[in-house]
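Printed here is protein28.txt (compact mmCIF, C-alpha atoms):
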# COMPACT_ATOMS: atom_id res chain seq x y z
CA MET W 1 -88.40 -71.94 77.51
CA ARG W 2 -90.38 -74.06 75.08
CA PHE W 3 -88.63 -77.23 73.89
CA LEU W 4 -91.33 -78.60 71.55
CA PRO W 5 -92.70 -77.24 68.27
CA THR W 6 -95.98 -75.38 68.49
CA GLU W 7 -99.11 -76.80 66.95
CA GLU W 8 -98.77 -74.28 64.12
CA GLN W 9 -95.20 -75.44 63.44
CA ARG W 10 -96.26 -79.09 63.49
CA ALA W 11 -99.08 -78.33 61.06
CA PHE W 12 -96.56 -76.62 58.77
CA THR W 13 -94.26 -79.64 58.70
CA ARG W 14 -97.20 -82.02 58.20
CA SER W 15 -98.38 -80.01 55.21
CA LEU W 16 -94.87 -80.02 53.71
CA ASP W 17 -94.59 -83.77 54.27
CA ALA W 18 -97.94 -84.40 52.58
CA MET W 19 -97.10 -82.17 49.63
CA LEU W 20 -93.68 -83.71 49.08
CA THR W 21 -94.99 -87.26 49.48
CA SER W 22 -97.44 -86.63 46.66
CA ALA W 23 -94.77 -85.05 44.45
CA ASP W 24 -92.81 -88.27 43.69
CA THR W 25 -89.52 -86.64 44.68
CA PRO W 26 -87.34 -89.63 43.65
CA ALA W 27 -88.40 -89.05 40.02
CA VAL W 28 -87.76 -85.32 40.44
CA VAL W 29 -84.27 -85.98 41.83
CA ARG W 30 -83.38 -88.34 38.98
CA ALA W 31 -84.56 -85.84 36.38
CA TRP W 32 -82.60 -83.02 38.02
CA GLY W 33 -79.42 -85.08 38.10
CA ALA W 34 -79.90 -85.99 34.42
CA GLY W 35 -80.02 -82.31 33.46
CA SER W 36 -83.82 -82.01 33.14
CA PRO W 37 -84.79 -79.45 35.79
CA GLU W 38 -88.42 -78.92 34.71
CA PRO W 39 -90.00 -81.26 37.33
CA GLY W 40 -87.74 -79.77 39.98
CA LEU W 41 -88.71 -76.22 39.03
CA ALA W 42 -92.38 -77.19 39.23
CA LEU W 43 -91.73 -78.52 42.73
CA TRP W 44 -89.83 -75.30 43.50
CA THR W 45 -92.99 -73.32 42.75
CA ARG W 46 -95.00 -75.50 45.11
CA LEU W 47 -92.42 -75.02 47.87
CA ALA W 48 -92.60 -71.26 47.37
CA GLU W 49 -96.39 -71.38 47.58
CA ALA W 50 -96.02 -73.27 50.86
CA GLY W 51 -93.90 -70.36 52.15
CA VAL W 52 -90.54 -72.12 52.41
CA PHE W 53 -88.50 -69.40 50.69
CA ALA W 54 -90.30 -66.60 52.52
CA LEU W 55 -89.08 -67.87 55.92
CA ALA W 56 -85.74 -66.03 55.72
CA VAL W 57 -87.19 -62.92 54.03
CA PRO W 58 -88.38 -60.06 56.29
CA GLU W 59 -91.97 -58.88 56.02
CA PRO W 60 -91.14 -55.52 54.34
CA TYR W 61 -89.83 -57.52 51.35
CA GLU W 62 -92.87 -59.82 51.02
CA GLY W 63 -91.57 -62.50 53.36
CA VAL W 64 -92.66 -63.81 56.76
CA GLY W 65 -89.29 -63.97 58.51
CA PRO W 66 -86.70 -64.21 59.63
CA LEU W 67 -87.80 -67.48 61.25
CA PRO W 68 -84.78 -69.75 61.92
CA VAL W 69 -86.75 -72.43 63.79
CA GLU W 70 -89.27 -72.74 60.96
CA VAL W 71 -86.39 -72.92 58.47
CA ALA W 72 -84.90 -75.81 60.45
CA LEU W 73 -88.24 -77.61 60.55
CA ALA W 74 -88.81 -77.09 56.83
CA PHE W 75 -85.36 -78.24 55.80
CA VAL W 76 -85.62 -81.44 57.83
CA GLU W 77 -88.61 -82.25 55.61
CA LEU W 78 -86.72 -81.23 52.45
CA GLY W 79 -83.92 -83.59 53.47
CA ARG W 80 -86.33 -86.41 54.33
CA HIS W 81 -87.80 -86.20 50.84
CA GLY W 82 -84.49 -85.55 49.04
CA VAL W 83 -85.60 -82.30 47.39
CA PRO W 84 -82.99 -81.19 44.81
CA GLY W 85 -81.93 -77.66 43.87
CA PRO W 86 -80.22 -74.72 45.60
CA VAL W 87 -82.72 -74.55 48.45
CA VAL W 88 -80.03 -73.87 51.06
CA GLU W 89 -78.32 -71.31 48.84
CA THR W 90 -81.57 -69.47 48.13
CA THR W 91 -82.26 -69.19 51.86
CA ALA W 92 -78.69 -68.03 52.54
CA ALA W 93 -78.90 -65.47 49.73
CA ALA W 94 -82.14 -64.13 51.18
CA ALA W 95 -80.51 -63.83 54.59
CA LEU W 96 -77.52 -62.01 53.07
CA LEU W 97 -79.71 -59.43 51.32
CA ALA W 98 -81.89 -58.98 54.41
CA GLU W 99 -78.85 -58.42 56.64
CA LEU W 100 -77.42 -55.97 54.14
CA ALA W 101 -80.71 -54.05 54.30
CA ARG W 102 -80.63 -54.09 58.10
CA ARG W 103 -77.20 -52.51 57.94
CA GLY W 104 -78.45 -49.65 55.80
CA ASP W 105 -78.24 -50.76 52.16
CA ASP W 106 -81.72 -51.93 51.19
CA GLY W 107 -81.45 -51.36 47.45
CA PRO W 108 -80.52 -54.99 46.56
CA ALA W 109 -83.13 -56.31 49.01
CA LYS W 110 -85.92 -54.25 47.45
CA ARG W 111 -85.01 -55.46 43.96
CA LEU W 112 -84.34 -59.13 44.66
CA LEU W 113 -86.02 -60.38 47.82
CA PRO W 114 -89.66 -60.34 46.61
CA GLY W 115 -88.72 -62.61 43.69
CA ILE W 116 -86.83 -64.96 46.00
CA ALA W 117 -89.71 -65.16 48.48
CA SER W 118 -92.26 -65.87 45.74
CA GLY W 119 -90.09 -68.54 44.09
CA GLU W 120 -89.96 -66.62 40.81
CA THR W 121 -86.18 -66.14 41.12
CA VAL W 122 -84.29 -69.39 41.67
CA THR W 123 -81.15 -68.13 43.39
CA THR W 124 -77.81 -69.64 44.28
CA LEU W 125 -74.99 -68.25 46.38
CA ALA W 126 -71.37 -69.24 45.96
CA PRO W 127 -69.65 -70.21 49.22
CA PRO W 128 -66.36 -68.54 50.18
CA VAL W 129 -63.42 -69.39 47.93
CA ALA W 130 -61.77 -71.14 50.89
CA ALA W 131 -64.72 -73.56 50.91
CA GLY W 132 -64.50 -74.30 47.20
CA GLY W 133 -66.20 -71.27 45.71
CA ARG W 134 -68.42 -73.34 43.40
CA ALA W 135 -72.09 -72.41 43.23
CA LEU W 136 -74.70 -75.13 43.42
CA ASP W 137 -76.94 -75.39 40.35
CA ALA W 138 -75.70 -72.19 38.76
CA ASP W 139 -76.77 -73.66 35.42
CA VAL W 140 -80.41 -73.68 36.57
CA ALA W 141 -80.52 -70.61 38.82
CA ALA W 142 -81.79 -67.34 37.41
CA LEU W 143 -79.56 -65.42 39.84
CA THR W 144 -76.06 -66.31 41.07
CA LEU W 145 -74.70 -64.11 43.86
CA VAL W 146 -71.00 -63.98 44.63
CA VAL W 147 -69.17 -62.28 47.50
CA THR W 148 -65.53 -61.46 46.75
CA GLY W 149 -63.79 -59.61 49.54
CA ASP W 150 -66.20 -56.84 50.48
CA GLU W 151 -68.07 -56.81 47.16
CA LEU W 152 -71.39 -58.44 46.33
CA ARG W 153 -71.97 -59.12 42.63
CA ILE W 154 -74.34 -60.91 40.30
CA ALA W 155 -72.24 -63.39 38.34
CA PRO W 156 -72.55 -62.95 34.55
CA GLY W 157 -72.39 -66.71 33.96
CA HIS W 158 -70.54 -69.80 35.10
CA GLY W 159 -67.85 -72.24 34.08
CA PRO W 160 -68.21 -75.95 33.31
CA VAL W 161 -70.65 -77.89 35.46
CA ARG W 162 -68.86 -80.31 37.74
CA ALA W 163 -70.40 -83.51 39.04
CA SER W 164 -70.66 -84.16 42.75
CA ALA W 165 -70.88 -87.44 44.65
CA ASP W 166 -74.59 -86.66 44.51
CA PRO W 167 -75.63 -86.39 40.83
CA ALA W 168 -78.38 -83.98 41.84
CA ARG W 169 -75.77 -81.52 43.20
CA ARG W 170 -74.41 -79.75 40.12
CA LEU W 171 -71.48 -77.44 40.88
CA ALA W 172 -69.96 -74.68 38.76
CA ARG W 173 -67.53 -71.85 39.40
CA PRO W 174 -69.17 -68.46 38.77
CA ALA W 175 -67.67 -66.31 36.03
CA PRO W 176 -65.67 -63.32 37.30
CA GLY W 177 -66.98 -59.78 37.16
CA GLY W 178 -70.64 -59.01 36.81
CA ARG W 179 -72.94 -56.35 38.16
CA LEU W 180 -71.87 -54.81 41.49
CA LEU W 181 -74.73 -54.76 44.00
CA ALA W 182 -72.96 -53.50 47.11
CA SER W 183 -69.53 -53.07 48.65
CA GLY W 184 -67.95 -52.27 51.98
CA PRO W 185 -67.81 -53.76 55.50
CA ALA W 186 -71.56 -54.35 55.53
CA VAL W 187 -71.15 -56.91 52.73
CA THR W 188 -68.54 -58.84 54.72
CA ALA W 189 -70.79 -58.92 57.79
CA ALA W 190 -73.85 -59.88 55.74
CA ALA W 191 -71.92 -62.71 54.08
CA GLU W 192 -70.96 -64.12 57.47
CA HIS W 193 -74.61 -63.92 58.49
CA ALA W 194 -75.59 -65.81 55.33
CA VAL W 195 -73.09 -68.58 56.13
CA ARG W 196 -74.81 -69.08 59.47
CA TRP W 197 -78.16 -69.56 57.75
CA ALA W 198 -76.56 -71.95 55.27
CA MET W 199 -75.06 -73.99 58.13
CA LEU W 200 -78.45 -74.19 59.84
CA ALA W 201 -80.32 -75.23 56.70
CA THR W 202 -77.68 -77.78 55.68
CA ALA W 203 -77.64 -79.30 59.17
CA ALA W 204 -81.42 -79.64 59.02
CA GLN W 205 -81.24 -81.26 55.59
CA SER W 206 -78.67 -83.72 56.93
CA VAL W 207 -80.96 -84.71 59.80
CA GLY W 208 -83.78 -85.31 57.31
CA VAL W 209 -81.56 -87.39 55.04
CA GLY W 210 -80.40 -89.47 58.00
CA LEU W 211 -83.97 -90.08 59.16
CA THR W 212 -85.01 -91.39 55.75
CA LEU W 213 -81.96 -93.63 55.52
CA LEU W 214 -82.75 -95.05 58.95
CA ASP W 215 -86.46 -95.54 58.21
CA ARG W 216 -85.79 -97.33 54.94
CA THR W 217 -83.09 -99.51 56.51
CA VAL W 218 -85.32 -100.52 59.41
CA ALA W 219 -88.08 -101.44 56.97
CA TYR W 220 -85.62 -103.51 54.92
CA ALA W 221 -84.27 -105.27 58.03
CA LYS W 222 -87.81 -106.31 58.96
CA ARG W 223 -88.54 -107.97 55.61
CA ARG W 224 -85.11 -109.35 54.60
CA THR W 225 -84.57 -112.86 55.91
CA GLN W 226 -81.55 -115.10 56.43
CA PHE W 227 -81.80 -118.66 57.72
CA GLY W 228 -85.56 -118.18 57.82
CA THR W 229 -85.34 -115.20 60.20
CA ALA W 230 -85.68 -111.44 59.60
CA ILE W 231 -82.22 -109.90 59.83
CA GLY W 232 -83.68 -107.16 62.03
CA SER W 233 -83.81 -109.72 64.85
CA PHE W 234 -80.03 -110.19 64.78
CA GLN W 235 -78.27 -108.52 67.69
CA ALA W 236 -75.55 -106.94 65.55
CA VAL W 237 -78.12 -105.36 63.23
CA LYS W 238 -80.15 -104.07 66.19
CA HIS W 239 -77.08 -102.45 67.73
CA ARG W 240 -76.06 -100.75 64.48
CA LEU W 241 -79.56 -99.37 63.94
CA ALA W 242 -79.74 -98.22 67.57
CA ASP W 243 -76.41 -96.40 67.24
CA THR W 244 -77.70 -94.68 64.11
CA LEU W 245 -80.88 -93.58 65.86
CA ILE W 246 -78.93 -92.26 68.85
CA GLY W 247 -76.71 -90.18 66.57
CA LEU W 248 -79.69 -88.58 64.86
CA GLU W 249 -81.53 -88.02 68.14
CA PHE W 250 -78.47 -86.25 69.59
CA ALA W 251 -78.20 -84.07 66.48
CA ARG W 252 -81.84 -82.98 66.53
CA PRO W 253 -81.78 -80.92 69.80
CA LEU W 254 -78.47 -79.36 68.77
CA LEU W 255 -80.12 -78.29 65.52
CA PHE W 256 -83.12 -76.63 67.13
CA GLY W 257 -81.03 -75.19 69.95
CA ALA W 258 -78.81 -73.54 67.35
CA ALA W 259 -81.89 -72.20 65.56
CA LEU W 260 -82.93 -70.53 68.81
CA THR W 261 -79.56 -69.03 69.79
CA PHE W 262 -78.16 -68.55 66.28
CA GLU W 263 -74.67 -68.42 67.79
CA ARG W 264 -71.90 -69.44 65.42
CA ALA W 265 -70.47 -72.10 67.76
CA ASP W 266 -73.92 -73.61 68.31
CA LEU W 267 -74.56 -73.70 64.56
CA ALA W 268 -71.17 -75.33 64.01
CA ALA W 269 -71.94 -77.97 66.65
CA ALA W 270 -75.29 -78.69 65.02
CA LYS W 271 -73.72 -78.84 61.58
CA VAL W 272 -70.99 -81.32 62.50
CA SER W 273 -73.32 -83.46 64.62
CA ALA W 274 -76.01 -83.65 61.94
CA GLY W 275 -73.53 -84.24 59.14
CA GLU W 276 -71.74 -87.04 60.95
CA ALA W 277 -75.05 -88.64 62.00
CA ALA W 278 -76.33 -88.64 58.41
CA HIS W 279 -73.04 -90.04 57.12
CA ALA W 280 -73.16 -92.80 59.75
CA ALA W 281 -76.76 -93.53 58.71
CA ALA W 282 -75.59 -93.90 55.11
CA LEU W 283 -72.87 -96.35 56.11
CA THR W 284 -75.35 -98.34 58.20
CA ALA W 285 -77.82 -98.43 55.31
CA LEU W 286 -75.15 -99.73 52.93
CA ARG W 287 -73.93 -102.41 55.30
CA ILE W 288 -77.38 -103.73 56.13
CA HIS W 289 -78.72 -103.62 52.57
CA GLY W 290 -75.57 -105.26 51.23
CA ALA W 291 -74.90 -105.27 47.49
CA VAL W 292 -78.43 -104.17 46.60
CA GLY W 293 -77.72 -100.88 48.39
CA TYR W 294 -75.27 -99.90 45.65
CA THR W 295 -77.77 -100.13 42.81
CA GLU W 296 -79.01 -96.90 41.25
CA GLU W 297 -82.44 -98.42 40.64
CA LEU W 298 -83.07 -98.51 44.39
CA ASP W 299 -84.44 -95.19 45.66
CA LEU W 300 -82.21 -95.58 48.71
CA SER W 301 -79.25 -94.57 46.53
CA LEU W 302 -80.68 -91.06 46.15
CA TRP W 303 -80.28 -90.44 49.88
CA LEU W 304 -77.04 -92.40 50.22
CA ARG W 305 -75.36 -90.01 47.81
CA LYS W 306 -76.55 -86.92 49.65
CA ALA W 307 -75.11 -87.65 53.07
CA ARG W 308 -71.41 -87.08 52.35
CA PRO W 309 -71.73 -83.90 50.24
CA LEU W 310 -74.08 -82.34 52.80
CA ARG W 311 -71.67 -83.20 55.58
CA ASP W 312 -68.97 -81.15 53.85
CA ALA W 313 -71.09 -78.32 52.39
CA TRP W 314 -71.04 -74.92 54.15
CA GLY W 315 -68.63 -76.05 56.84
CA ALA W 316 -66.60 -79.25 56.73
CA PRO W 317 -66.42 -81.21 60.01
CA SER W 318 -62.88 -80.05 60.78
CA ARG W 319 -63.89 -76.40 60.31
CA CYS W 320 -66.99 -76.80 62.47
CA ARG W 321 -65.04 -78.49 65.26
CA ALA W 322 -62.49 -75.68 65.19
CA LEU W 323 -65.31 -73.13 65.58
CA VAL W 324 -66.74 -75.04 68.55
CA LEU W 325 -63.35 -75.39 70.22
CA GLY W 326 -62.55 -71.73 69.59
CA ALA W 327 -65.69 -70.68 71.46
CA SER W 328 -65.07 -72.94 74.46

Could I get this structure in the form of structure tokens?
Amino acid sequence: MRFLPTEEQRAFTRSLDAMLTSADTPAVVRAWGAGSPEPGLALWTRLAEAGVFALAVPEPYEGVGPLPVEVALAFVELGRHGVPGPVVETTAAAALLAELARRGDDGPAKRLLPGIASGETVTTLAPPVAAGGRALDADVAALTLVVTGDELRIAPGHGPVRASADPARRLARPAPGGRLLASGPAVTAAAEHAVRWAMLATAAQSVGVGLTLLDRTVAYAKRRTQFGTAIGSFQAVKHRLADTLIGLEFARPLLFGAALTFERADLAAAKVSAGEAAHAAALTALRIHGAVGYTEELDLSLWLRKARPLRDAWGAPSRCRALVLGAS
């Protein structure tokens, strides 16, 4: 078994990193949170051109997938750079439509998947009602998919936009009714499959967010001085940063192991581990930065606000732990 990314996979992540570094994502995130999605949609097009949204789309529908490992690698980079928008939901929606096609109903896949893969159709998918039922960025998405029972529909609109702890995560409840795309047991099974993809992508985003929080905090600890000494030399600061690194390094193999097995319990373990590691990284960043860490002007705040919502999205820690325990 291979435990390291291939050279092709490493080249893919390097190209994503270079593209996102040049895109000034902090400015894109701030604009998105302020209700100006144009810079984010421009970045969306560039991500599509890089092949990010084609990774969960099978080849017959103009994709290159399904490639769970590549999705995990890509979403770590999206998390590291704080990319806004329904990137997880678009990937999960693609997986839902692809699974529905695999089970015999390929009509929705033929109509919708090419647009998702190319980035022309910004898509969001509402999570199960038990998980809140609010769709991310439904006010920006061209297509909002909703599963109710065993029915898959296109929502005709959405309710009021609700703020999240992360201003760049804009939530709204889809309007009832809408065009029926499919119904029956295959929809229920495809929706469960989509949740697995959403858990994988969200876990990868969390790892990326945690890595950026750690990198920025280490850099700050090296240049911030007290009593004429860099605070990074203090034993208590070293221990806290080391604990944060250990948490992220334990989450990373769980993430890629889950991408390989794609078992629900493995995905749940990766999700809870990555979410808790990113949340711990956020707490560490706040404590070491002190009061300056709370200021919106500091780019660090963009990642601080992502850690908690990502930890709870598509599988809260208690739910993920229950799935792991149920499989043991």

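Atom CA of W:Cys320 is positioned 8.9 Å from atom CA of W:Ala270.
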
> Could you name the residues that touch W:Ala50 at 12 Å or less, counting only C-alpha atoms, but leaving out those on the same chain fewer than 5 positions away, as a list in words?
Replying inline: Ala11, Phe12, Thr13, Arg14, Ser15, Leu16, Asp17, Ala18, Met19, Leu20, Leu43, Trp44, Thr45, Leu55, Gly63, Val64, Ala74, Ala117, Ser118 and Gly119 of chain W

For stretch 242-247 of chain W, please output as a compact mmCIF listing (two decimals) with C-alpha atoms, keeping the file's coordinate frame all residues within 8 Å (counting all atoms listed in the file; exclusion window: fewer than 5 positions along the same chain).
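Done, and the output landed in part.txt:
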# COMPACT_ATOMS: atom_id res chain seq x y z
CA LEU W 214 -82.75 -95.05 58.95
CA SER W 273 -73.32 -83.46 64.62
CA ALA W 277 -75.05 -88.64 62.00
CA ALA W 280 -73.16 -92.80 59.75
CA ALA W 281 -76.76 -93.53 58.71
CA THR W 284 -75.35 -98.34 58.20

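The list of residues with at least one atom within 10 Å of W:Glu70, based on all atoms listed in the file and without residues fewer than 4 positions apart in the same chain, reads Pro5, Gln9, Arg10, Phe12, Thr13, Val52, Leu55, Ala56, Gly65, Pro66, Ala74, Phe75, Val76, Phe256 and Ala259 of chain W.
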
Based on the selection just made, write C-alpha atoms of those residues as an mmCIF file, in the coordinates of the input.
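The new file part-v3.cif reads:
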data_model
loop_
_atom_site.group_PDB
_atom_site.id
_atom_site.type_symbol
_atom_site.label_atom_id
_atom_site.label_comp_id
_atom_site.auth_asym_id
_atom_site.auth_seq_id
_atom_site.Cartn_x
_atom_site.Cartn_y
_atom_site.Cartn_z
ATOM 1 C CA PRO W 5 -92.700 -77.240 68.270
ATOM 2 C CA GLN W 9 -95.200 -75.440 63.440
ATOM 3 C CA ARG W 10 -96.260 -79.090 63.490
ATOM 4 C CA PHE W 12 -96.560 -76.620 58.770
ATOM 5 C CA THR W 13 -94.260 -79.640 58.700
ATOM 6 C CA VAL W 52 -90.540 -72.120 52.410
ATOM 7 C CA LEU W 55 -89.080 -67.870 55.920
ATOM 8 C CA ALA W 56 -85.740 -66.030 55.720
ATOM 9 C CA GLY W 65 -89.290 -63.970 58.510
ATOM 10 C CA PRO W 66 -86.700 -64.210 59.630
ATOM 11 C CA ALA W 74 -88.810 -77.090 56.830
ATOM 12 C CA PHE W 75 -85.360 -78.240 55.800
ATOM 13 C CA VAL W 76 -85.620 -81.440 57.830
ATOM 14 C CA PHE W 256 -83.120 -76.630 67.130
ATOM 15 C CA ALA W 259 -81.890 -72.200 65.560
#

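As for atom CA of W:Pro37 and atom CA of W:Arg162, they are spaced 16.1 Å apart.
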
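The shortest atom-to-atom distance to W:Lys271, with all atoms listed in the file taken into account, belongs to W:Ala203 out of W:Leu286, W:Ala203, W:Val129, W:Val218.
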
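For the pair atom CA of W:Asp24 and atom CA of W:Leu47, the interatomic distance is 13.9 Å.
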
> Can you tell me, as number ranges by chain, what residues are no more than 12 Å from W:Ala101 when counting all atoms listed in the file, ignoring any on the same chain fewer than 5 positions away?
Replying inline: W: 57-58, 60-61, 94-96, 106-113, 181-182, 186-187, 189-190

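Residues with any atom within 10 Å of stretch 288-294 of chain W, counting all atoms listed in the file and excluding same-chain neighbours fewer than 2 positions away, are Arg216, Thr217, Val218, Tyr220, Ala221, Arg224, Ile231, Gly232, Val237, Arg240, Leu241, Ala282, Leu283, Thr284, Ala285, Leu286, Glu296, Glu297, Leu298, Asp299, Leu300, Ser301 and Leu304 of chain W.
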
Write out, as a short mmCIF file (atom, residue, chain, number, x, y, z; two decimals), in the frame of the given file, the residues just selected, with C-alpha atoms.
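So selection10.cif came out as:
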data_model
loop_
_atom_site.label_atom_id
_atom_site.label_comp_id
_atom_site.auth_asym_id
_atom_site.auth_seq_id
_atom_site.Cartn_x
_atom_site.Cartn_y
_atom_site.Cartn_z
CA ARG W 216 -85.79 -97.33 54.94
CA THR W 217 -83.09 -99.51 56.51
CA VAL W 218 -85.32 -100.52 59.41
CA TYR W 220 -85.62 -103.51 54.92
CA ALA W 221 -84.27 -105.27 58.03
CA ARG W 224 -85.11 -109.35 54.60
CA ILE W 231 -82.22 -109.90 59.83
CA GLY W 232 -83.68 -107.16 62.03
CA VAL W 237 -78.12 -105.36 63.23
CA ARG W 240 -76.06 -100.75 64.48
CA LEU W 241 -79.56 -99.37 63.94
CA ALA W 282 -75.59 -93.90 55.11
CA LEU W 283 -72.87 -96.35 56.11
CA THR W 284 -75.35 -98.34 58.20
CA ALA W 285 -77.82 -98.43 55.31
CA LEU W 286 -75.15 -99.73 52.93
CA GLU W 296 -79.01 -96.90 41.25
CA GLU W 297 -82.44 -98.42 40.64
CA LEU W 298 -83.07 -98.51 44.39
CA ASP W 299 -84.44 -95.19 45.66
CA LEU W 300 -82.21 -95.58 48.71
CA SER W 301 -79.25 -94.57 46.53
CA LEU W 304 -77.04 -92.40 50.22
#

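With distances taken over all atoms listed in the file, W:Leu171 is the one residue among W:Leu171, W:Ala258, W:Leu78, W:Ile154 lying closest to W:Gly133.
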
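The smallest atom-to-atom distance between W:Val87 and any of W:Asp150, W:Pro68, W:Gly157, W:Ala198, using all atoms listed in the file, is found for W:Ala198.
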
> Which residues, protein or nucleic acid, reach to within 10 Å of (-72.1, -87.8, 44.1) in the file's coordinates when using all atoms listed in the file, and can you give that as a list in words?
Replying inline: Gly33, Ala163, Ser164, Ala165, Asp166, Pro167, Ala168, Arg169, Arg170, Leu302, Leu304, Arg305, Lys306, Ala307, Arg308 and Pro309 of chain W

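Here the question is which of W:Ala204, W:Ala54, W:Ala72, W:Gly178 gets nearest to W:Leu260 using all atoms listed in the file, and that residue is W:Ala72.
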
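Using all atoms listed in the file, the smallest distance between any of W:Leu73, W:Arg30, W:Trp314, W:Gly115 and W:Pro128 comes from W:Trp314.
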
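Ranking W:Leu4, W:Val140, W:Glu62, W:Met199 by their shortest atom-to-atom distance to W:Ala92, with only C-alpha atoms included, puts W:Met199 first.
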
> Residues around (-71.3, -68.3, 49.4), cut-off 10 Å, counting all atoms listed in the file - what are they as a VMD selection string?
Replying inline: chain W and resid 89 92 to 93 96 124 to 129 131 to 136 144 to 148 191 to 192 194 to 195 198 314

Would you mind writing stretch 186-192 of chain W with all heavy atoms, as a PDB file, in the frame of the given file?
ATOM      1  N   ALA W 186     -70.241 -53.751  55.329  1.00  0.00           N
ATOM      2  CA  ALA W 186     -71.560 -54.350  55.530  1.00  0.00           C
ATOM      3  C   ALA W 186     -71.709 -55.634  54.718  1.00  0.00           C
ATOM      4  O   ALA W 186     -72.399 -56.571  55.152  1.00  0.00           O
ATOM      5  CB  ALA W 186     -72.661 -53.358  55.136  1.00  0.00           C
ATOM      6  N   VAL W 187     -71.075 -55.697  53.556  1.00  0.00           N
ATOM      7  CA  VAL W 187     -71.150 -56.910  52.730  1.00  0.00           C
ATOM      8  C   VAL W 187     -70.452 -58.069  53.431  1.00  0.00           C
ATOM      9  O   VAL W 187     -70.971 -59.198  53.468  1.00  0.00           O
ATOM     10  CB  VAL W 187     -70.534 -56.661  51.341  1.00  0.00           C
ATOM     11  CG1 VAL W 187     -70.403 -57.973  50.567  1.00  0.00           C
ATOM     12  CG2 VAL W 187     -71.383 -55.675  50.551  1.00  0.00           C
ATOM     13  N   THR W 188     -69.284 -57.783  54.016  1.00  0.00           N
ATOM     14  CA  THR W 188     -68.540 -58.840  54.720  1.00  0.00           C
ATOM     15  C   THR W 188     -69.358 -59.384  55.882  1.00  0.00           C
ATOM     16  O   THR W 188     -69.450 -60.604  56.085  1.00  0.00           O
ATOM     17  CB  THR W 188     -67.207 -58.281  55.235  1.00  0.00           C
ATOM     18  OG1 THR W 188     -66.470 -57.723  54.139  1.00  0.00           O
ATOM     19  CG2 THR W 188     -66.382 -59.361  55.900  1.00  0.00           C
ATOM     20  N   ALA W 189     -69.976 -58.486  56.650  1.00  0.00           N
ATOM     21  CA  ALA W 189     -70.790 -58.920  57.790  1.00  0.00           C
ATOM     22  C   ALA W 189     -72.030 -59.678  57.325  1.00  0.00           C
ATOM     23  O   ALA W 189     -72.417 -60.688  57.927  1.00  0.00           O
ATOM     24  CB  ALA W 189     -71.194 -57.704  58.628  1.00  0.00           C
ATOM     25  N   ALA W 190     -72.655 -59.211  56.260  1.00  0.00           N
ATOM     26  CA  ALA W 190     -73.850 -59.880  55.740  1.00  0.00           C
ATOM     27  C   ALA W 190     -73.509 -61.265  55.205  1.00  0.00           C
ATOM     28  O   ALA W 190     -74.302 -62.209  55.339  1.00  0.00           O
ATOM     29  CB  ALA W 190     -74.506 -59.031  54.663  1.00  0.00           C
ATOM     30  N   ALA W 191     -72.341 -61.401  54.593  1.00  0.00           N
ATOM     31  CA  ALA W 191     -71.920 -62.710  54.080  1.00  0.00           C
ATOM     32  C   ALA W 191     -71.709 -63.698  55.215  1.00  0.00           C
ATOM     33  O   ALA W 191     -72.086 -64.877  55.107  1.00  0.00           O
ATOM     34  CB  ALA W 191     -70.647 -62.561  53.256  1.00  0.00           C
ATOM     35  N   GLU W 192     -71.125 -63.245  56.309  1.00  0.00           N
ATOM     36  CA  GLU W 192     -70.960 -64.120  57.470  1.00  0.00           C
ATOM     37  C   GLU W 192     -72.312 -64.535  58.027  1.00  0.00           C
ATOM     38  O   GLU W 192     -72.519 -65.687  58.427  1.00  0.00           O
ATOM     39  CB  GLU W 192     -70.147 -63.382  58.546  1.00  0.00           C
ATOM     40  CG  GLU W 192     -70.164 -64.018  59.931  1.00  0.00           C
ATOM     41  CD  GLU W 192     -69.617 -65.433  59.965  1.00  0.00           C
ATOM     42  OE1 GLU W 192     -68.795 -65.786  59.100  1.00  0.00           O
ATOM     43  OE2 GLU W 192     -70.032 -66.202  60.870  1.00  0.00           O
TER      44      GLU W 192
END
